[in-house]
Protein chains: 2
Amino acid sequence: MGEEKLPKVLVLGPPTCFSTLQPLYSHKFNFLDLKTSGLPLHQFLISHRHHPSTIPAIFCSAAYSITADVLGLFPSLRLVVTSSVGTEHIDLHECRRRGIQVAGAGGVLSEDVADAAVALLITVMRKVTAADRYVRTQDRSDAWDFPLGYKLSGKRVGIVGLGNIGMEVAKRLESFDCIISYHSRHKKTTIAYPFYSNVVDLATSSEALVVCCALNNQTQHIINRDVLLALGKQGFIVNVGRGGHIDEKQLVKCLIEGEIGGAGLDVFENEPHVNEEFFTMDNVVLSPHSAAFTVEATLSLSELVAGNLEAFFLNKPLISPVKLVE
Amino acid sequence: MGEEKLPKVLVLGPPTCFSTLQPLYSHKFNFLDLKTSGLPLHQFLISHRHHPSTIPAIFCSAAYSITADVLGLFPSLRLVVTSSVGTEHIDLHECRRRGIQVAGAGGVLSEDVADAAVALLITVMRKVTAADRYVRTQDRSDAWDFPLGYKLSGKRVGIVGLGNIGMEVAKRLESFDCIISYHSRHKKTTIAYPFYSNVVDLATSSEALVVCCALNNQTQHIINRDVLLALGKQGFIVNVGRGGHIDEKQLVKCLIEGEIGGAGLDVFENEPHVNEEFFTMDNVVLSPHSAAFTVEATLSLSELVAGNLEAFFLNKPLISPVKLVE
């Protein structure tokens with residue numbers, strides 16, 4: 001089939017996995033990549049003779065805001081597929097109003113994100129990045145004299161958001177004999193871990209917090225100064241959710257003042273801008289929103305995205321639909 | 001009791017935990033720290049009026065060789081306590097011949113060393129140290145473009161040396177759904193993990209190897225070029241045993257040639273000298289022989305060392321005796 005006859009999918013971002021997806025599935029879909037064109041959205045559509053009404057599906061990353069305005073440009077749009085677990089960048093109300101289905105990453109990234117959460121936690125507690133810098137830059141005539149780290153095994157860890165990812169984090173940390181408790185919107189009746197309705201209480205009872213909830217009005221700055229002070233001087237925080245979960249200004253302040261022990265951060269309030277004050281801190285581990293970025297996850301995600309697109313164009317149920325709010 | 005009346009313990013190294021041990025137990029033992037004196041051993045003994053025959057016990061680190069010559073200096077020596085799990089730095093035959101008991105770290109460091117092994121494995125596979133360097137030094141006007149890492153969860157991991165530490169590593173990696181197999185001197189009848197008598201075969205079947213055996217004539221360079229080539233271009237190796245387990249020259253060569261995927265190294269053949277060729281590699285994570293160095297482990301170890309010393313001076317059985325070879 002010629003490219004012109006293939007179903008059109010507008011690619012916005014593009015998501016990291018697009019470079020894997022495109023060569024595998026360009027015989028099935030006509031991917032229109034905005035970024036490659038170097039044009040603004042309106043001009044791209046005109047210049048490529050793709051009338052907005054010919055676009056039935058969008059594939060986007062979490063970094064591209066799918067606002068009511070964007071949705072309004074495409075009268076025939078019926079599907080938005082995002083490469084992310086989170087959907088805070090998509091106006092789900094407007095999707096519902098317009099009869100547009102939404103598909104997300106489902107659970108295919110949960111293991112990798114949980115692995116990354118454990119990696120950040122153990123790295124910051126055991127000073128792995130600082131140790132690596134130390135060995136690479138030490139004065140080679142001296143004996144080693146590197147500060148002690150903190151033990152992960154047996155620690156009390158509070159998980160903020162016990163969804164797929166939170167459960168995978170808990171499973172891993174249990175093997176380190178960590179004592180797990182959690183905060184969620186609601187207590188989960190099938191889960192035996194102690195539940196805290198209040199995040200400050202969870203922080204008070206925990207030696208480390210792992211943030212892996214969805215970002216919404218209720219969870220914006222769920223980690224504020226009070227939570228950080230409750231976590232305490234030898235407490236550690238990891239964020240693999242979204243930058244908006246943590247009041248970053250207060251986090252920086254607490255780190256400078258020694259009010260918390262350290263932080264492992266995959267996400268930031270103003271990505272890809274990162275507060276420069278972190279850069280001089282040895283008790284902070286930073287990663288570029290890459291918790292889900294493995295070769296294996298990228299391939300799984302590409303297959304899932306293609307599966308959702310195929311299902312949609314065949315009028316079948318989506319594989320990993322996002323529930324649209326009432 | 002005056003210091004002069006307390007039982008003498010000659011401290012050689014000193015072990016990292018000595019700075020924790022000394023303030024806690026200097027009311028019970030007269031610690032004679034060679035390092036603090038800044039003198040060679042013979043001169044130290046003369047200058048401090050500590051005749052060699054008045055020294056019943058030595059406390060040493062793994063970095064201090066307790067040779068037959070050293071043992072021969074102390075006619076009344078009856079105990080050597082090492083702060084390490086490994087005892088390759090102590091002439092155990094000579095200890096046995098002279099009726100000198102030896103105590104080691106027993107199992108108190110196993111959890112921390114296992115935590116460190118998992119930390120090194122996940123850090124090198126997920127490029128955590130490289131990501132941290134990337135975020136700290138990126139051109140801030142650009143979008144992030146960091147290379148994909150490799151997934152840890154579900155990988156086939158071979159453990160070289162399934163003692164206390166190896167078992168703790170296996171327990172942790174099982175929670176990542178890793179598939180464990182192992183090499184040891186002998187097949188363990190109570191363990192269900194597949195056993196490989198040949199390390200090359202284990203490497204061929206594994207996507208990662210974790211080395212945590214004791215160093216002796218049989219395990220010196222147990223990881224040679226053949227093992228590394230069998231592990232392969234997307235294989236990872238972690239060493240929390242001793243530097244001598246890996247043929248470091250061949251490891252560097254394999255890394256330069258891209259014959260293996262990466263390495264996480266806590267120990268080196270010529271510590272504290274580290275091969276400078278590692279310093280430019282992003283797929284290598286380095287730590288300064290600190291796998292057991294946590295605040296918690298240091299305290300536990302101090303208590304164990306003091307417990308062994310007390311038991312010895314009360315003529316009771318040692319808490320964590322090292323079996324002396326026949």
# chains A, B, ... in the order shown; residues from 1 in each chain; ligands from 1

$ closest_atom_pairs --of "chain A" --to "chain B" --cutoff "8 Å" --atoms "only C-alpha atoms" --output "tab-separated table"
residue	atom	partner	partner_atom	distance
A:Glu111	CA	B:Ser153	CA	6.6
A:Asp112	CA	B:Lys151	CA	6.3
A:Asp115	CA	B:Leu152	CA	7.1
A:Ala116	CA	B:Arg126	CA	7.4
A:Ala119	CA	B:Ile122	CA	6.1
A:Leu120	CA	B:Val128	CA	7.8
A:Ile122	CA	B:Ala119	CA	6.1
A:Thr123	CA	B:Ala119	CA	6.4
A:Arg126	CA	B:Thr294	CA	7.4
A:Val128	CA	B:Ser287	CA	7.0
A:Thr129	CA	B:Thr129	CA	5.3
A:Ala131	CA	B:Ser287	CA	5.1
A:Asp132	CA	B:Leu286	CA	4.8
A:Tyr134	CA	B:Ser287	CA	7.9
A:Val135	CA	B:Pro288	CA	6.2
A:Arg136	CA	B:Phe279	CA	5.4
A:Arg140	CA	B:His273	CA	6.5
A:Asp142	CA	B:Pro272	CA	7.9
A:Ala143	CA	B:Pro272	CA	6.2
A:Trp144	CA	B:Pro272	CA	6.5
A:Phe146	CA	B:Pro288	CA	7.3
A:Leu148	CA	B:Thr294	CA	4.8
A:Gly149	CA	B:Thr294	CA	4.5
A:Tyr150	CA	B:Thr294	CA	4.9
A:Lys151	CA	B:Thr294	CA	5.7
A:Leu152	CA	B:Asp115	CA	7.1
A:Ser153	CA	B:Glu111	CA	6.7
A:Lys171	CA	B:Ser175	CA	6.3
A:Arg172	CA	B:Ser175	CA	5.0
A:Glu174	CA	B:Ser175	CA	8.0
A:Ser175	CA	B:Arg172	CA	5.0
A:Phe176	CA	B:Arg172	CA	6.2
A:Pro272	CA	B:Ala143	CA	6.2
A:His273	CA	B:Arg140	CA	6.5
A:Val274	CA	B:Val135	CA	7.8
A:Glu276	CA	B:Arg136	CA	8.0
A:Phe279	CA	B:Arg136	CA	5.4
A:Val285	CA	B:Asp132	CA	6.1
A:Leu286	CA	B:Asp132	CA	4.8
A:Ser287	CA	B:Ala131	CA	5.1
A:Pro288	CA	B:Val135	CA	6.2
A:Ser290	CA	B:Leu148	CA	7.9
A:Phe293	CA	B:Leu148	CA	5.3
A:Thr294	CA	B:Gly149	CA	4.5
A:Val295	CA	B:Tyr150	CA	5.7
A:Glu296	CA	B:Lys151	CA	6.2
A:Ala297	CA	B:Lys151	CA	7.5

$ select_by_dssp --residues "range 241-295 of chain A" --states "strand (DSSP E or B)" --output "list in words"
Ile246, Gly262, Ala263, Gly264, Leu265, Asn270, His273, Val284, Val285, Leu286 and Thr294 of chain A

$ residues_around --residues "Tyr182 in chain A" --least-positions-apart "6" --cutoff "6 Å" --atoms "only C-alpha atoms" --output "compact mmCIF listing (two decimals) with N, CA, C and O atoms, in the first residue's frame"
# COMPACT_ATOMS: atom_id res chain seq x y z
N GLY A 158 8.07 4.53 52.66
CA GLY A 158 6.70 4.93 52.36
C GLY A 158 6.54 5.16 50.87
O GLY A 158 7.34 5.86 50.25
N ILE A 159 5.50 4.56 50.30
CA ILE A 159 5.26 4.71 48.87
C ILE A 159 4.06 5.64 48.68
O ILE A 159 2.98 5.40 49.23
N VAL A 160 4.28 6.69 47.91
CA VAL A 160 3.21 7.67 47.65
C VAL A 160 2.62 7.34 46.29
O VAL A 160 3.22 7.65 45.25
N PHE A 195 -1.71 1.78 55.68
CA PHE A 195 -2.15 2.91 54.85
C PHE A 195 -2.13 4.19 55.68
O PHE A 195 -2.54 4.19 56.84

$ residues_around --residues "Arg156 in chain A" --least-positions-apart "2" --cutoff "6 Å" --atoms "only C-alpha atoms" --output "list of chain:residue names"
A:Cys178, A:Ile179, A:Ser206, A:Glu207

$ select_by_dssp --residues "range 26-185 of chain A" --states "alpha helix (DSSP H)" --output "short mmCIF file (atom, residue, chain, number, x, y, z; two decimals) with N, CA, C and O atoms, in the first residue's frame"
data_model
loop_
_atom_site.label_atom_id
_atom_site.label_comp_id
_atom_site.auth_asym_id
_atom_site.auth_seq_id
_atom_site.Cartn_x
_atom_site.Cartn_y
_atom_site.Cartn_z
N LEU A 34 5.70 15.99 13.35
CA LEU A 34 5.78 17.45 13.41
C LEU A 34 7.22 17.93 13.60
O LEU A 34 7.68 18.84 12.92
N LYS A 35 7.94 17.32 14.53
CA LYS A 35 9.29 17.77 14.90
C LYS A 35 10.24 17.75 13.69
O LYS A 35 10.97 18.72 13.46
N THR A 36 10.20 16.66 12.93
CA THR A 36 11.09 16.52 11.77
C THR A 36 10.87 17.65 10.78
O THR A 36 11.80 18.12 10.13
N SER A 37 9.63 18.09 10.67
CA SER A 37 9.29 19.14 9.71
C SER A 37 9.88 20.49 10.13
O SER A 37 10.13 21.36 9.28
N LEU A 41 2.63 23.76 14.26
CA LEU A 41 1.57 22.80 13.93
C LEU A 41 0.69 23.24 12.75
O LEU A 41 0.50 22.48 11.79
N HIS A 42 0.17 24.48 12.78
CA HIS A 42 -0.74 24.94 11.72
C HIS A 42 -0.07 24.88 10.35
O HIS A 42 -0.62 24.36 9.39
N GLN A 43 1.16 25.44 10.32
CA GLN A 43 1.88 25.51 9.05
C GLN A 43 2.22 24.12 8.53
O GLN A 43 2.15 23.86 7.32
N PHE A 44 2.56 23.24 9.44
CA PHE A 44 2.87 21.86 9.07
C PHE A 44 1.69 21.23 8.34
O PHE A 44 1.84 20.60 7.28
N LEU A 45 0.51 21.43 8.89
CA LEU A 45 -0.69 20.80 8.32
C LEU A 45 -0.98 21.34 6.93
O LEU A 45 -1.29 20.59 6.01
N ILE A 46 -0.83 22.64 6.77
CA ILE A 46 -1.08 23.25 5.46
C ILE A 46 -0.01 22.81 4.46
O ILE A 46 -0.32 22.33 3.37
N SER A 47 1.27 22.95 4.88
CA SER A 47 2.36 22.70 3.94
C SER A 47 2.39 21.26 3.45
O SER A 47 2.86 20.98 2.36
N ALA A 68 -7.45 21.57 24.92
CA ALA A 68 -8.71 21.69 24.17
C ALA A 68 -8.47 22.40 22.84
O ALA A 68 -9.08 22.04 21.83
N ASP A 69 -7.55 23.37 22.84
CA ASP A 69 -7.23 24.09 21.60
C ASP A 69 -6.65 23.16 20.54
O ASP A 69 -7.01 23.22 19.37
N VAL A 70 -5.70 22.33 20.97
CA VAL A 70 -5.10 21.38 20.01
C VAL A 70 -6.16 20.41 19.50
O VAL A 70 -6.29 20.16 18.29
N LEU A 71 -6.95 19.87 20.43
CA LEU A 71 -8.01 18.92 20.04
C LEU A 71 -8.99 19.57 19.06
O LEU A 71 -9.46 18.93 18.12
N GLY A 72 -9.25 20.88 19.29
CA GLY A 72 -10.21 21.61 18.46
C GLY A 72 -9.77 21.78 17.01
O GLY A 72 -10.59 22.05 16.13
N LEU A 92 -8.51 15.41 29.30
CA LEU A 92 -9.35 14.21 29.19
C LEU A 92 -10.84 14.56 29.14
O LEU A 92 -11.63 13.88 28.47
N HIS A 93 -11.22 15.64 29.84
CA HIS A 93 -12.62 16.09 29.80
C HIS A 93 -13.03 16.42 28.36
O HIS A 93 -14.09 16.01 27.89
N GLU A 94 -12.13 17.16 27.70
CA GLU A 94 -12.42 17.58 26.33
C GLU A 94 -12.44 16.36 25.39
O GLU A 94 -13.26 16.30 24.46
N CYS A 95 -11.55 15.39 25.64
CA CYS A 95 -11.56 14.16 24.84
C CYS A 95 -12.91 13.47 24.96
O CYS A 95 -13.53 13.05 23.97
N ARG A 96 -13.38 13.37 26.20
CA ARG A 96 -14.66 12.71 26.45
C ARG A 96 -15.79 13.46 25.74
O ARG A 96 -16.63 12.84 25.08
N ARG A 97 -15.76 14.79 25.84
CA ARG A 97 -16.81 15.61 25.25
C ARG A 97 -16.86 15.43 23.73
O ARG A 97 -17.93 15.39 23.13
N ARG A 98 -15.66 15.27 23.15
CA ARG A 98 -15.58 15.16 21.69
C ARG A 98 -15.65 13.71 21.21
O ARG A 98 -15.51 13.45 20.01
N SER A 110 5.91 -0.34 33.86
CA SER A 110 5.92 -0.40 35.33
C SER A 110 7.21 -1.00 35.88
O SER A 110 7.79 -0.47 36.84
N GLU A 111 7.66 -2.11 35.30
CA GLU A 111 8.86 -2.76 35.83
C GLU A 111 10.08 -1.84 35.70
O GLU A 111 10.87 -1.71 36.64
N ASP A 112 10.21 -1.22 34.53
CA ASP A 112 11.38 -0.36 34.32
C ASP A 112 11.35 0.86 35.23
O ASP A 112 12.40 1.26 35.76
N VAL A 113 10.18 1.45 35.41
CA VAL A 113 10.09 2.63 36.27
C VAL A 113 10.36 2.22 37.73
O VAL A 113 11.06 2.93 38.46
N ALA A 114 9.84 1.06 38.12
CA ALA A 114 10.11 0.56 39.48
C ALA A 114 11.59 0.27 39.66
O ALA A 114 12.18 0.60 40.70
N ASP A 115 12.21 -0.34 38.65
CA ASP A 115 13.66 -0.57 38.71
C ASP A 115 14.40 0.74 38.91
O ASP A 115 15.33 0.84 39.71
N ALA A 116 13.98 1.77 38.16
CA ALA A 116 14.64 3.07 38.24
C ALA A 116 14.44 3.70 39.62
O ALA A 116 15.35 4.33 40.17
N ALA A 117 13.24 3.52 40.19
CA ALA A 117 12.97 4.06 41.53
C ALA A 117 13.90 3.42 42.56
O ALA A 117 14.50 4.10 43.39
N VAL A 118 14.03 2.09 42.49
CA VAL A 118 14.93 1.39 43.41
C VAL A 118 16.37 1.83 43.16
O VAL A 118 17.14 2.06 44.10
N ALA A 119 16.72 1.99 41.89
CA ALA A 119 18.08 2.43 41.53
C ALA A 119 18.38 3.79 42.14
O ALA A 119 19.44 4.00 42.75
N LEU A 120 17.45 4.73 42.01
CA LEU A 120 17.67 6.07 42.57
C LEU A 120 17.78 6.02 44.09
O LEU A 120 18.63 6.69 44.69
N LEU A 121 16.92 5.21 44.72
CA LEU A 121 16.93 5.12 46.18
C LEU A 121 18.24 4.55 46.69
O LEU A 121 18.90 5.12 47.58
N ILE A 122 18.65 3.43 46.11
CA ILE A 122 19.87 2.77 46.60
C ILE A 122 21.10 3.59 46.23
O ILE A 122 22.06 3.68 47.00
N THR A 123 21.05 4.27 45.09
CA THR A 123 22.19 5.08 44.65
C THR A 123 22.41 6.27 45.58
O THR A 123 23.54 6.58 45.95
N VAL A 124 21.31 6.93 45.95
CA VAL A 124 21.48 8.10 46.82
C VAL A 124 21.84 7.67 48.24
O VAL A 124 22.71 8.28 48.87
N MET A 125 21.23 6.58 48.74
CA MET A 125 21.54 6.15 50.10
C MET A 125 22.98 5.63 50.21
O MET A 125 23.67 5.91 51.18
N VAL A 128 26.37 6.08 45.50
CA VAL A 128 27.03 5.42 44.36
C VAL A 128 27.56 6.44 43.34
O VAL A 128 28.70 6.31 42.87
N THR A 129 26.78 7.46 43.02
CA THR A 129 27.25 8.45 42.05
C THR A 129 28.42 9.26 42.64
O THR A 129 29.39 9.55 41.94
N ALA A 130 28.32 9.59 43.92
CA ALA A 130 29.40 10.34 44.58
C ALA A 130 30.66 9.49 44.64
O ALA A 130 31.77 9.99 44.43
N ALA A 131 30.50 8.20 44.92
CA ALA A 131 31.65 7.28 44.99
C ALA A 131 32.33 7.18 43.62
O ALA A 131 33.56 7.19 43.52
N ASP A 132 31.52 7.11 42.58
CA ASP A 132 32.05 7.02 41.22
C ASP A 132 32.84 8.29 40.87
O ASP A 132 33.95 8.21 40.34
N ARG A 133 32.30 9.45 41.23
CA ARG A 133 33.03 10.70 41.02
C ARG A 133 34.34 10.69 41.81
O ARG A 133 35.38 11.12 41.33
N TYR A 134 34.26 10.20 43.06
CA TYR A 134 35.43 10.17 43.94
C TYR A 134 36.56 9.33 43.33
O TYR A 134 37.70 9.78 43.25
N VAL A 135 36.21 8.11 42.89
CA VAL A 135 37.25 7.24 42.35
C VAL A 135 37.85 7.84 41.08
O VAL A 135 39.06 7.78 40.86
N ARG A 136 36.99 8.46 40.25
CA ARG A 136 37.48 9.02 38.98
C ARG A 136 38.37 10.25 39.16
O ARG A 136 39.13 10.61 38.27
N THR A 137 38.23 10.94 40.31
CA THR A 137 38.94 12.22 40.46
C THR A 137 39.87 12.25 41.67
O THR A 137 40.48 13.28 41.95
N ASN A 164 0.26 0.39 39.76
CA ASN A 164 1.12 -0.65 39.17
C ASN A 164 2.58 -0.44 39.55
O ASN A 164 3.27 -1.36 39.98
N ILE A 165 3.04 0.79 39.35
CA ILE A 165 4.46 1.08 39.60
C ILE A 165 4.77 0.97 41.08
O ILE A 165 5.74 0.33 41.48
N GLY A 166 3.92 1.56 41.91
CA GLY A 166 4.13 1.51 43.36
C GLY A 166 4.19 0.07 43.87
O GLY A 166 5.03 -0.26 44.73
N MET A 167 3.33 -0.78 43.34
CA MET A 167 3.33 -2.19 43.75
C MET A 167 4.62 -2.89 43.35
O MET A 167 5.16 -3.73 44.09
N GLU A 168 5.12 -2.56 42.16
CA GLU A 168 6.39 -3.16 41.70
C GLU A 168 7.56 -2.67 42.56
O GLU A 168 8.49 -3.42 42.85
N VAL A 169 7.50 -1.41 42.97
CA VAL A 169 8.54 -0.87 43.86
C VAL A 169 8.50 -1.62 45.20
O VAL A 169 9.53 -2.06 45.72
N ALA A 170 7.28 -1.78 45.73
CA ALA A 170 7.12 -2.45 47.02
C ALA A 170 7.64 -3.89 46.96
O ALA A 170 8.35 -4.34 47.87
N LYS A 171 7.30 -4.57 45.88
CA LYS A 171 7.75 -5.97 45.71
C LYS A 171 9.28 -6.06 45.75
O LYS A 171 9.84 -6.93 46.43
N ARG A 172 9.94 -5.15 45.04
CA ARG A 172 11.41 -5.16 45.02
C ARG A 172 11.98 -4.84 46.41
O ARG A 172 12.90 -5.50 46.89
N LEU A 173 11.43 -3.82 47.06
CA LEU A 173 11.99 -3.40 48.35
C LEU A 173 11.73 -4.42 49.45
O LEU A 173 12.49 -4.50 50.42
N GLU A 174 10.67 -5.21 49.30
CA GLU A 174 10.43 -6.28 50.28
C GLU A 174 11.59 -7.26 50.32
O GLU A 174 11.91 -7.82 51.37
#

$ closest_residue --among "A:Val200, A:Ala208, A:Leu255, A:Ala103" --to "Lys155 in chain A" --atoms "only C-alpha atoms"
A:Ala208

$ closest_residue --among "A:Thr189, A:Ser61, A:Ser197, A:Asn283" --to "His89 in chain A" --atoms "only C-alpha atoms"
A:Ser61

$ residues_around --residues "range 231-237 of chain A" --least-positions-apart "5" --cutoff "7 Å" --atoms "only C-alpha atoms" --output "VMD selection string"
chain A and resid 203 to 204 206 to 210 258 to 264

$ write_last_selection --atoms "N, CA, C and O atoms" --output "PDB file, in the first residue's frame"
ATOM      1  N   ALA A 203       5.415  10.233  56.111  1.00  0.00           N
ATOM      2  CA  ALA A 203       6.818  10.678  56.131  1.00  0.00           C
ATOM      3  C   ALA A 203       7.422  10.535  57.519  1.00  0.00           C
ATOM      4  O   ALA A 203       8.580  10.133  57.673  1.00  0.00           O
ATOM      5  N   THR A 204       6.631  10.839  58.546  1.00  0.00           N
ATOM      6  CA  THR A 204       7.101  10.726  59.933  1.00  0.00           C
ATOM      7  C   THR A 204       7.487   9.281  60.258  1.00  0.00           C
ATOM      8  O   THR A 204       8.461   9.027  60.960  1.00  0.00           O
ATOM      9  N   SER A 206       8.489   7.042  58.101  1.00  0.00           N
ATOM     10  CA  SER A 206       9.340   6.448  57.058  1.00  0.00           C
ATOM     11  C   SER A 206      10.756   7.001  57.086  1.00  0.00           C
ATOM     12  O   SER A 206      10.980   8.148  57.472  1.00  0.00           O
ATOM     13  N   GLU A 207      11.694   6.173  56.646  1.00  0.00           N
ATOM     14  CA  GLU A 207      13.081   6.621  56.486  1.00  0.00           C
ATOM     15  C   GLU A 207      13.360   6.992  55.029  1.00  0.00           C
ATOM     16  O   GLU A 207      14.386   7.595  54.715  1.00  0.00           O
ATOM     17  N   ALA A 208      12.439   6.605  54.140  1.00  0.00           N
ATOM     18  CA  ALA A 208      12.539   7.003  52.737  1.00  0.00           C
ATOM     19  C   ALA A 208      11.135   7.054  52.152  1.00  0.00           C
ATOM     20  O   ALA A 208      10.248   6.301  52.563  1.00  0.00           O
ATOM     21  N   LEU A 209      10.947   7.963  51.207  1.00  0.00           N
ATOM     22  CA  LEU A 209       9.679   8.059  50.476  1.00  0.00           C
ATOM     23  C   LEU A 209       9.950   7.871  48.987  1.00  0.00           C
ATOM     24  O   LEU A 209      10.940   8.402  48.464  1.00  0.00           O
ATOM     25  N   VAL A 210       9.072   7.109  48.326  1.00  0.00           N
ATOM     26  CA  VAL A 210       9.161   6.957  46.877  1.00  0.00           C
ATOM     27  C   VAL A 210       7.855   7.475  46.274  1.00  0.00           C
ATOM     28  O   VAL A 210       6.774   6.952  46.577  1.00  0.00           O
ATOM     29  N   GLY A 258      20.258  20.910  55.233  1.00  0.00           N
ATOM     30  CA  GLY A 258      20.488  19.610  55.867  1.00  0.00           C
ATOM     31  C   GLY A 258      19.260  19.062  56.566  1.00  0.00           C
ATOM     32  O   GLY A 258      19.373  18.208  57.447  1.00  0.00           O
ATOM     33  N   GLU A 259      18.074  19.521  56.153  1.00  0.00           N
ATOM     34  CA  GLU A 259      16.843  19.060  56.804  1.00  0.00           C
ATOM     35  C   GLU A 259      16.400  17.694  56.297  1.00  0.00           C
ATOM     36  O   GLU A 259      15.571  17.031  56.928  1.00  0.00           O
ATOM     37  N   ILE A 260      16.889  17.284  55.114  1.00  0.00           N
ATOM     38  CA  ILE A 260      16.673  15.884  54.689  1.00  0.00           C
ATOM     39  C   ILE A 260      18.015  15.307  54.233  1.00  0.00           C
ATOM     40  O   ILE A 260      18.975  16.045  53.971  1.00  0.00           O
ATOM     41  N   GLY A 261      18.053  13.969  54.167  1.00  0.00           N
ATOM     42  CA  GLY A 261      19.323  13.295  53.902  1.00  0.00           C
ATOM     43  C   GLY A 261      19.769  13.336  52.456  1.00  0.00           C
ATOM     44  O   GLY A 261      20.963  13.430  52.171  1.00  0.00           O
ATOM     45  N   GLY A 262      18.810  13.259  51.531  1.00  0.00           N
ATOM     46  CA  GLY A 262      19.180  13.235  50.124  1.00  0.00           C
ATOM     47  C   GLY A 262      17.973  12.985  49.241  1.00  0.00           C
ATOM     48  O   GLY A 262      16.876  12.685  49.736  1.00  0.00           O
ATOM     49  N   ALA A 263      18.184  13.125  47.921  1.00  0.00           N
ATOM     50  CA  ALA A 263      17.084  12.972  46.975  1.00  0.00           C
ATOM     51  C   ALA A 263      17.559  12.307  45.695  1.00  0.00           C
ATOM     52  O   ALA A 263      18.670  12.573  45.219  1.00  0.00           O
ATOM     53  N   GLY A 264      16.703  11.433  45.149  1.00  0.00           N
ATOM     54  CA  GLY A 264      16.932  10.831  43.836  1.00  0.00           C
ATOM     55  C   GLY A 264      15.803  11.268  42.922  1.00  0.00           C
ATOM     56  O   GLY A 264      14.648  10.913  43.160  1.00  0.00           O
TER      57      GLY A 264
END

$ closest_residue --among "A:Val238, A:Leu6, A:Leu318, A:Ala306" --to "Phe59 in chain A" --atoms "only C-alpha atoms"
A:Ala306

$ atom_distance --atom1 "CA of Glu269 in chain A" --atom2 "CA of Ala105 in chain A"
21.9 Å
